[in-house]
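Enquirer: I'd like to ask some things about the structure below.
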Amino acid sequence: MELAILKILQEKGIKPDMAAGLSLGEYSALVAGEALNVEDAMSIIQKRGEYMQELCPDGDWAMSAVLGLGDKEVEEVCKKVTSGFVVPANYNYPGQVAISGDREGINEAMKIAKEMGAKRVVELKTSGPFHTEKLEEASNALKKFIENKEIKTPTIQVIKNIDAKPYSNKDDIKEILAKHVMSPTKMSDTIKYMMENGIDTFIEIGPGKTLSNFVKAIGKEMKKDVKIMNINDNTSLEKTIGELKSLDKEER
């Protein structure tokens, strides 16, 4: 869906100055940055999904979102767990971090988080230890699969999930994409980087408005006046294109 929307925007002459995506969305960002073609992106994400499903170790896995604690506090929560495996998986925005691990570890972490003052702890509808070391086998398999794919240095700044920095010609992008599967996503720092480097208009493409909510929360914290648009159906597509045309006229 993201790639289809991206294609329409490109045909309208709308191109981003920077791009980023959460987890799987990073592939769409790389297509936007002309680092990866659509066909290769689709084949890689298909294999990525297969490997994450088939090579996931047996276990009762779970994820939860911790709201109201800072990043360091959530890391401390995970370190205090003694009855299972749990680590931070998604740094979404200040005050929201998703943790991933086995059921026993997640349950203990949820309890500790509440004791440490978390406003809410919400179990997520997932079934794997995503973005953790438990997916090392899937990561290795993905690396082998993408070795023969052509991936170039992006023509715009595409911000990486693993360290919230733009890809450069010094990066081994294939190695990074493989590690991406077993590394925490740093969307909070990614959005901060974009705002600190002049981005004041964000367009989220794809279903839902999750990333827009992240941008809104971070903009508020950083006291940045940012414009946020969403495209997830024909109506929002037409509306966004109209708004962008108006912005273009104002700048001229």
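If you're wondering about the labels, chains in the structure tokens are A, B, ... by order shown, residues count from 1 in each chain, ligands from 1 in order shown.
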So which residues touch segment 186-194 of chain A within 8 Å, counting only C-alpha atoms, skipping near sequence neighbours fewer than 4 positions away, as a compact mmCIF listing (two decimals) with C-alpha atoms, in the first residue's frame?

Expert:
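The resulting file, part35.txt, is shown below:
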```txt
# COMPACT_ATOMS: atom_id res chain seq x y z
CA MET A 18 14.02 12.81 3.71
CA ALA A 20 11.99 7.00 7.11
CA LEU A 22 9.12 2.00 11.11
CA ASN A 90 10.66 -0.17 19.60
CA TYR A 91 11.59 3.31 20.84
CA ASN A 92 8.49 5.01 19.45
CA TYR A 93 8.48 8.43 21.11
CA PRO A 94 9.40 9.84 24.53
CA ILE A 159 17.10 7.55 8.15
CA LYS A 160 17.97 4.13 9.54
CA ASN A 161 15.91 2.46 12.26
CA ILE A 162 18.93 0.92 13.96
CA ASP A 163 20.76 4.18 14.82
CA ALA A 164 18.57 7.08 13.64
CA LYS A 165 21.24 8.29 11.22
CA GLY A 198 14.79 21.22 8.82
CA ILE A 199 11.84 18.92 8.18
CA PHE A 214 4.63 9.81 17.09
CA VAL A 215 5.50 12.97 15.14
CA ILE A 218 7.78 14.56 19.51
```

Enquirer: Could you build a table of the residues in segment 185-242 of chain A lying no more than 12 Å from segment 27-34 of chain A, giving for each the nearest pair of atoms and their separation in Å rounded to one decimal place, using only C-alpha atoms, ordered by chain and ascending residue number, as JSON lines?

Expert:
```
{"residue": "A:Ile203", "atom": "CA", "partner": "A:Ala29", "partner_atom": "CA", "distance": 12.0}
{"residue": "A:Glu204", "atom": "CA", "partner": "A:Ala29", "partner_atom": "CA", "distance": 11.0}
{"residue": "A:Ile205", "atom": "CA", "partner": "A:Ser28", "partner_atom": "CA", "distance": 9.6}
{"residue": "A:Gly206", "atom": "CA", "partner": "A:Ser28", "partner_atom": "CA", "distance": 10.1}
```

Enquirer: Go ahead and dump the residues you just picked, C-alpha atoms, as a compact mmCIF listing (two decimals), in the first residue's frame.

Expert:
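Heads up, here's the output in again_4.txt:
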```txt
# COMPACT_ATOMS: atom_id res chain seq x y z
CA ILE A 203 3.44 12.91 5.21
CA GLU A 204 2.57 9.44 6.49
CA ILE A 205 1.60 7.00 3.75
CA GLY A 206 -0.06 3.66 4.43
```

Enquirer: Work out how far atom CA of Ile173 of chain A is from atom CA of Ile146 of chain A, in Å to one decimal.

Expert: 10.0 Å

Enquirer: Just the strand (DSSP E or B) stuff from segment 3-193 of chain A, please, per backbone DSSP, written as a PyMOL selection string.

Expert: chain A and resi 18-19+61-67+86-93+96-102+120-124+157-159+166+185

Enquirer: Next, write the just-selected residues to a file, as an mmCIF file, in the first residue's frame, keeping C-alpha atoms as the atom set.

Expert:
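That gives us selection24.cif:
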```
data_model
loop_
_atom_site.group_PDB
_atom_site.id
_atom_site.type_symbol
_atom_site.label_atom_id
_atom_site.label_comp_id
_atom_site.auth_asym_id
_atom_site.auth_seq_id
_atom_site.Cartn_x
_atom_site.Cartn_y
_atom_site.Cartn_z
ATOM 1 C CA MET A 18 14.018 12.808 3.707
ATOM 2 C CA ALA A 19 12.326 9.466 4.257
ATOM 3 C CA TRP A 61 6.424 -14.824 22.775
ATOM 4 C CA ALA A 62 4.779 -11.493 23.514
ATOM 5 C CA MET A 63 5.208 -7.726 23.242
ATOM 6 C CA SER A 64 3.899 -4.828 25.329
ATOM 7 C CA ALA A 65 3.903 -1.050 25.052
ATOM 8 C CA VAL A 66 5.072 0.841 28.134
ATOM 9 C CA LEU A 67 3.601 4.342 28.407
ATOM 10 C CA VAL A 86 12.652 -9.221 27.702
ATOM 11 C CA VAL A 87 14.332 -6.250 25.964
ATOM 12 C CA PRO A 88 13.276 -2.885 24.463
ATOM 13 C CA ALA A 89 12.202 -3.418 20.849
ATOM 14 C CA ASN A 90 10.656 -0.174 19.596
ATOM 15 C CA TYR A 91 11.590 3.307 20.844
ATOM 16 C CA ASN A 92 8.485 5.007 19.445
ATOM 17 C CA TYR A 93 8.484 8.426 21.108
ATOM 18 C CA GLN A 96 6.272 5.084 24.732
ATOM 19 C CA VAL A 97 8.595 2.115 24.301
ATOM 20 C CA ALA A 98 7.542 -1.365 23.171
ATOM 21 C CA ILE A 99 9.248 -4.320 24.849
ATOM 22 C CA SER A 100 9.594 -7.803 23.399
ATOM 23 C CA GLY A 101 10.349 -11.208 24.895
ATOM 24 C CA ASP A 102 8.858 -14.405 26.284
ATOM 25 C CA ARG A 120 -0.186 2.284 31.244
ATOM 26 C CA VAL A 121 1.238 -1.019 30.052
ATOM 27 C CA VAL A 122 -0.581 -2.473 27.051
ATOM 28 C CA GLU A 123 -0.036 -5.969 25.651
ATOM 29 C CA LEU A 124 0.301 -5.923 21.858
ATOM 30 C CA GLN A 157 18.532 11.109 3.279
ATOM 31 C CA VAL A 158 16.888 7.857 4.380
ATOM 32 C CA ILE A 159 17.097 7.554 8.146
ATOM 33 C CA PRO A 166 21.037 8.639 7.419
ATOM 34 C CA THR A 185 13.860 0.388 16.118
#
```

Enquirer: Find the spatial neighbours of Lys47 of chain A, counting only C-alpha atoms, within a cut-off of 10 Å - ignore same-chain residues fewer than 6 positions away - and output them as a list in words.

Expert: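 The residues that qualify are Gln53, Ala138, Ala141, Leu142, Phe145 and Ile146 of chain A.
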
Enquirer: Using only C-alpha atoms, please write the residues we just selected to a file, as a PDB file, in the first residue's frame.

Expert:
```pdb
ATOM      1  CA  GLN A  53       7.888 -16.802  10.841  1.00  0.00           C
ATOM      2  CA  ALA A 138      16.162 -15.165  10.505  1.00  0.00           C
ATOM      3  CA  ALA A 141      19.002 -16.091   6.338  1.00  0.00           C
ATOM      4  CA  LEU A 142      17.836 -12.682   5.137  1.00  0.00           C
ATOM      5  CA  PHE A 145      18.990 -13.791   0.363  1.00  0.00           C
ATOM      6  CA  ILE A 146      19.726 -10.109  -0.257  1.00  0.00           C
TER       7      ILE A 146
END
```

Enquirer: Report as an MDAnalysis selection string all protein, DNA and RNA residues lying within 9 Å of segment 227-242 of chain A, evaluated on only C-alpha atoms, omitting residues in the same chain fewer than 5 positions from it.

Expert: chainID A and resid 1:2 5 9 12 14 200:209 212 215:216 247

Enquirer: Write to file, as a compact mmCIF listing (two decimals), in the first residue's frame, the residues of the selection just made, with N, CA and C atoms.

Expert:
```
# COMPACT_ATOMS: atom_id res chain seq x y z
N MET A 1 0.84 -1.21 0.00
CA MET A 1 0.00 0.00 0.00
C MET A 1 0.87 1.26 0.00
N GLU A 2 1.92 1.25 0.83
CA GLU A 2 2.83 2.40 0.88
C GLU A 2 3.47 2.65 -0.49
N ILE A 5 0.96 4.16 -3.00
CA ILE A 5 0.75 5.59 -2.73
C ILE A 5 1.97 6.39 -3.17
N LEU A 9 2.31 9.63 -5.81
CA LEU A 9 2.93 10.91 -5.45
C LEU A 9 4.07 11.25 -6.40
N LYS A 12 2.89 12.62 -9.54
CA LYS A 12 2.43 14.01 -9.37
C LYS A 12 3.60 14.97 -9.15
N ILE A 14 5.73 14.83 -6.65
CA ILE A 14 5.95 15.05 -5.21
C ILE A 14 7.02 14.09 -4.71
N ASP A 200 9.75 20.17 8.38
CA ASP A 200 8.62 20.73 9.10
C ASP A 200 7.28 20.24 8.57
N THR A 201 7.32 19.41 7.52
CA THR A 201 6.10 18.83 6.96
C THR A 201 6.29 17.32 6.83
N PHE A 202 5.46 16.56 7.51
CA PHE A 202 5.55 15.10 7.50
C PHE A 202 4.32 14.51 6.81
N ILE A 203 4.54 13.58 5.89
CA ILE A 203 3.44 12.91 5.21
C ILE A 203 3.56 11.41 5.50
N GLU A 204 2.58 10.87 6.22
CA GLU A 204 2.57 9.44 6.49
C GLU A 204 1.75 8.75 5.42
N ILE A 205 2.34 7.76 4.75
CA ILE A 205 1.60 7.00 3.75
C ILE A 205 1.43 5.56 4.22
N GLY A 206 0.24 5.01 3.98
CA GLY A 206 -0.06 3.66 4.43
C GLY A 206 -1.21 3.66 5.42
N PRO A 207 -1.65 2.47 5.84
CA PRO A 207 -2.81 2.37 6.73
C PRO A 207 -2.54 2.97 8.11
N GLY A 208 -3.55 3.61 8.67
CA GLY A 208 -3.43 4.13 10.03
C GLY A 208 -2.70 5.46 10.13
N LYS A 209 -2.60 5.93 11.38
CA LYS A 209 -1.93 7.20 11.66
C LYS A 209 -0.94 7.07 12.80
N SER A 212 2.12 9.36 12.57
CA SER A 212 1.70 10.75 12.73
C SER A 212 1.55 11.11 14.21
N VAL A 215 5.00 11.65 15.56
CA VAL A 215 5.50 12.97 15.14
C VAL A 215 4.86 14.07 15.98
N LYS A 216 3.56 13.96 16.20
CA LYS A 216 2.84 14.96 16.99
C LYS A 216 3.40 15.05 18.40
N LEU A 247 0.83 24.73 -0.45
CA LEU A 247 2.10 25.05 0.20
C LEU A 247 3.14 25.48 -0.82
```

Enquirer: List the neighbours of Lys143 of chain A out to 8 Å using only C-alpha atoms; skip same-chain residues closer than 5 positions along the sequence, and give me the result as a list of chain:residue names.

Expert: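 Result of the neighbour search: A:Lys174, A:Glu175, A:Leu177, A:Ala178.
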
Enquirer: For the selection just defined, write its residues with C-alpha atoms to a file, as an mmCIF file, in the first residue's frame.

Expert:
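Below is the file result-v1.cif, written as the result:
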```cif
data_model
loop_
_atom_site.group_PDB
_atom_site.id
_atom_site.type_symbol
_atom_site.label_atom_id
_atom_site.label_comp_id
_atom_site.auth_asym_id
_atom_site.auth_seq_id
_atom_site.Cartn_x
_atom_site.Cartn_y
_atom_site.Cartn_z
ATOM 1 C CA LYS A 174 22.482 -5.204 3.107
ATOM 2 C CA GLU A 175 24.170 -5.941 6.425
ATOM 3 C CA LEU A 177 18.802 -4.519 6.700
ATOM 4 C CA ALA A 178 19.664 -8.013 7.931
#
```

Enquirer: Can you pull out the residues contacting Val77 of chain A? Cut-off 8 Å, using only C-alpha atoms, and skip same-chain residues under 2 positions away; I want them as a list in words.

Expert: Glu73, Val74, Glu75, Lys79, Lys80, Val81, Ala109, Ile112 and Ala113 of chain A

Enquirer: Could you take the residues named above and write them with C-alpha atoms, as a PDB file, in the first residue's frame?

Expert:
```
ATOM      1  CA  GLU A  73      13.644   3.724  32.718  1.00  0.00           C
ATOM      2  CA  VAL A  74      12.226   1.087  30.356  1.00  0.00           C
ATOM      3  CA  GLU A  75      15.732  -0.276  29.833  1.00  0.00           C
ATOM      4  CA  LYS A  79      17.273  -5.349  33.345  1.00  0.00           C
ATOM      5  CA  LYS A  80      15.316  -6.002  36.545  1.00  0.00           C
ATOM      6  CA  VAL A  81      13.442  -8.956  35.041  1.00  0.00           C
ATOM      7  CA  ALA A 109       8.300  -6.486  33.131  1.00  0.00           C
ATOM      8  CA  ILE A 112       7.821  -3.808  37.354  1.00  0.00           C
ATOM      9  CA  ALA A 113       6.926  -0.997  34.926  1.00  0.00           C
TER      10      ALA A 113
END
```

Enquirer: Distance atom CA of Ile176 of chain A-atom CA of Ser23 of chain A, one decimal place?

Expert: 12.1 Å

Enquirer: Quick one: distance from atom CA of Ile8 of chain A to atom CA of Lys249 of chain A in Å, one decimal?

Expert: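 Between these atoms lies a distance of 20.4 Å.
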
Enquirer: So which one's closest to Glu26 of chain A, A:Ala4, A:Val181, A:Cys56, A:Ile106? Using only C-alpha atoms, please.

Expert: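 Checking each of A:Ala4, A:Val181, A:Cys56, A:Ile106 against Glu26 of chain A, counting only C-alpha atoms, the winner is A:Val181.
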
Enquirer: Please return, as a ChimeraX atom specification, all residues of segment 168-238 of chain A that DSSP assigns to helix (DSSP H, G or I) on the basis of the backbone.

Expert: /A:173-180,187-196,210-222,234-238
